[in-house]
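Structure record follows, encoded as C-alpha cells.
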Amino acid sequence: MAKEGDSKEPMNEQAVANIYGAMRTEINQIYSKITELEMEVSEHSLVLNAIQPLDPSRRCYRMIGGVLVERTIKEVSPAVQRNKEGIEEVIARLNEALEKKKKEMAEFEAKYKIRIRKNDSEMKDESGKKEGNAQGVLVGPAGANE
C-alpha cells in the first residue's frame with residue numbers, strides 16, 4: 001500500500017480514508033490470526049503435557065486431514081512438538097509483519113496528518129466507565145412505587 005501511495009498520490013480525502021481503512025483492516029486481520037495461532041499453540045502444549053507422563057508404547061489417536069489415525073505416544077509426541085514449533089515460527093513472522101504494518105500506518109498518519117476522532121457515543125461511554133457503569137438497571141420516576 002505504501003508503494004502505491006508513493007508513486008500515485010491519493011486525489012482526495014476519501015481516497016486517503018479508504019487506504020487508511022484498508023491498512024487498519026489488514027492490521028486487525030493480522031492481530032486475529034496471531035490470536036488464533038496462539039490458541040493452537042496452547043492446545044498443542046496441553047496435549048504434550050497430557051501425554052508426556054504416559055507410557056510411550058500406549059495407543060493414542062491423532063486427527064490427520066480429517067481422518068482419525070491410531071498411533072503410539074512415541075510416534076505422536078514428536079509430530080505434535082514439531083507442529084507447535086512451526087506455529088510459533090509463524091507467530092514470530094506475523095509479529096514482524098505486524099510491526100512493519102504499524103510503522104507504515106504511522107508514516108501514513110504523519111504524511112496525511114490523520115487524527116482519529118471519537119464519536120459522541122464513544123465519549124459518553126468513556127465518561128460512563130469513569131463514573132461507574134450501571135448497565136441493565138432501570139430506574140423509574142421517584143413516586144412510581146407508591
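For the C-alpha cells, the naming scheme is as follows: chains receive sequential letters (A, B, ...) according to their order of presentation, residues are indexed from 1 within each chain, and ligands are indexed from 1 in presentation order.
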Please build the interface table for segment 75-110 of chain A against segment 23-45 of chain A with a cut-off of 9 Å, listing for each qualifying residue the nearest atom pair and the distance in Å to one decimal; count only C-alpha atoms, order rows by chain and increasing number, and write it as a Markdown table.
| residue | atom | partner | partner_atom | distance |
| --- | --- | --- | --- | --- |
| A:Val80 | CA | A:His44 | CA | 6.6 |
| A:Gln81 | CA | A:His44 | CA | 7.5 |
| A:Asn83 | CA | A:His44 | CA | 8.0 |
| A:Lys84 | CA | A:Val41 | CA | 5.6 |
| A:Glu85 | CA | A:Val41 | CA | 8.3 |
| A:Ile87 | CA | A:Leu37 | CA | 6.6 |
| A:Glu88 | CA | A:Val41 | CA | 7.1 |
| A:Val90 | CA | A:Leu37 | CA | 8.3 |
| A:Ile91 | CA | A:Ile34 | CA | 5.9 |
| A:Ala92 | CA | A:Ile34 | CA | 9.0 |
| A:Leu94 | CA | A:Ile34 | CA | 6.8 |
| A:Asn95 | CA | A:Ile34 | CA | 7.6 |
| A:Ala97 | CA | A:Ile30 | CA | 8.2 |
| A:Leu98 | CA | A:Ile27 | CA | 6.5 |
| A:Lys101 | CA | A:Ile27 | CA | 6.8 |
| A:Lys102 | CA | A:Ile27 | CA | 7.4 |
| A:Glu104 | CA | A:Met23 | CA | 8.7 |
| A:Met105 | CA | A:Met23 | CA | 6.7 |
Next, dump the selected residues to file, keeping only N, CA and C atoms, as a PDB file, in the first residue's frame.
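Output file result-v8.pdb follows:
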ATOM      1  N   VAL A  80       3.632 -33.663  17.223  1.00  0.00           N
ATOM      2  CA  VAL A  80       2.905 -32.564  17.863  1.00  0.00           C
ATOM      3  C   VAL A  80       3.893 -31.464  18.261  1.00  0.00           C
ATOM      4  N   GLN A  81       5.063 -31.846  18.745  1.00  0.00           N
ATOM      5  CA  GLN A  81       6.095 -30.870  19.123  1.00  0.00           C
ATOM      6  C   GLN A  81       6.560 -30.073  17.901  1.00  0.00           C
ATOM      7  N   ASN A  83       4.854 -29.539  15.132  1.00  0.00           N
ATOM      8  CA  ASN A  83       3.750 -28.656  14.735  1.00  0.00           C
ATOM      9  C   ASN A  83       3.715 -27.412  15.613  1.00  0.00           C
ATOM     10  N   LYS A  84       3.895 -27.610  16.907  1.00  0.00           N
ATOM     11  CA  LYS A  84       3.880 -26.479  17.848  1.00  0.00           C
ATOM     12  C   LYS A  84       4.997 -25.494  17.514  1.00  0.00           C
ATOM     13  N   GLU A  85       6.194 -26.010  17.264  1.00  0.00           N
ATOM     14  CA  GLU A  85       7.324 -25.146  16.931  1.00  0.00           C
ATOM     15  C   GLU A  85       7.095 -24.412  15.613  1.00  0.00           C
ATOM     16  N   ILE A  87       4.180 -23.535  14.360  1.00  0.00           N
ATOM     17  CA  ILE A  87       3.183 -22.492  14.615  1.00  0.00           C
ATOM     18  C   ILE A  87       3.837 -21.306  15.322  1.00  0.00           C
ATOM     19  N   GLU A  88       4.740 -21.584  16.256  1.00  0.00           N
ATOM     20  CA  GLU A  88       5.437 -20.498  16.961  1.00  0.00           C
ATOM     21  C   GLU A  88       6.288 -19.671  15.994  1.00  0.00           C
ATOM     22  N   VAL A  90       5.597 -19.210  12.787  1.00  0.00           N
ATOM     23  CA  VAL A  90       4.640 -18.413  12.017  1.00  0.00           C
ATOM     24  C   VAL A  90       4.189 -17.203  12.836  1.00  0.00           C
ATOM     25  N   ILE A  91       3.955 -17.404  14.128  1.00  0.00           N
ATOM     26  CA  ILE A  91       3.558 -16.292  15.005  1.00  0.00           C
ATOM     27  C   ILE A  91       4.661 -15.233  15.032  1.00  0.00           C
ATOM     28  N   ALA A  92       5.915 -15.661  15.103  1.00  0.00           N
ATOM     29  CA  ALA A  92       7.032 -14.711  15.118  1.00  0.00           C
ATOM     30  C   ALA A  92       7.067 -13.906  13.824  1.00  0.00           C
ATOM     31  N   LEU A  94       4.508 -13.324  11.818  1.00  0.00           N
ATOM     32  CA  LEU A  94       3.340 -12.440  11.812  1.00  0.00           C
ATOM     33  C   LEU A  94       3.569 -11.224  12.702  1.00  0.00           C
ATOM     34  N   ASN A  95       4.240 -11.415  13.837  1.00  0.00           N
ATOM     35  CA  ASN A  95       4.552 -10.275  14.712  1.00  0.00           C
ATOM     36  C   ASN A  95       5.473  -9.283  14.003  1.00  0.00           C
ATOM     37  N   ALA A  97       5.634  -8.869  10.715  1.00  0.00           N
ATOM     38  CA  ALA A  97       4.802  -8.222   9.697  1.00  0.00           C
ATOM     39  C   ALA A  97       3.892  -7.173  10.330  1.00  0.00           C
ATOM     40  N   LEU A  98       3.386  -7.482  11.520  1.00  0.00           N
ATOM     41  CA  LEU A  98       2.522  -6.547  12.226  1.00  0.00           C
ATOM     42  C   LEU A  98       3.271  -5.271  12.577  1.00  0.00           C
ATOM     43  N   LYS A 101       3.695  -3.226   9.443  1.00  0.00           N
ATOM     44  CA  LYS A 101       2.440  -2.574   9.049  1.00  0.00           C
ATOM     45  C   LYS A 101       2.122  -1.399   9.974  1.00  0.00           C
ATOM     46  N   LYS A 102       2.386  -1.567  11.267  1.00  0.00           N
ATOM     47  CA  LYS A 102       2.147  -0.468  12.206  1.00  0.00           C
ATOM     48  C   LYS A 102       3.019   0.731  11.849  1.00  0.00           C
ATOM     49  N   GLU A 104       4.277   1.432   8.849  1.00  0.00           N
ATOM     50  CA  GLU A 104       3.744   2.012   7.613  1.00  0.00           C
ATOM     51  C   GLU A 104       2.531   2.887   7.918  1.00  0.00           C
ATOM     52  N   MET A 105       1.674   2.400   8.806  1.00  0.00           N
ATOM     53  CA  MET A 105       0.468   3.147   9.147  1.00  0.00           C
ATOM     54  C   MET A 105       0.821   4.443   9.868  1.00  0.00           C
TER      55      MET A 105
END
Based on DSSP run over this structure's backbone, return all residues of segment 47-122 of chain A in strand (DSSP E or B), as a ChimeraX atom specification. /A:59-64,67-72
Would you pick out the contacts of segment 53-69 of chain A at 12 Å or less, using only C-alpha atoms, so that residues sharing its chain but fewer than 4 positions from it are not included, and give the list as a PyMOL selection string? chain A and resi 44+47-49+73-80
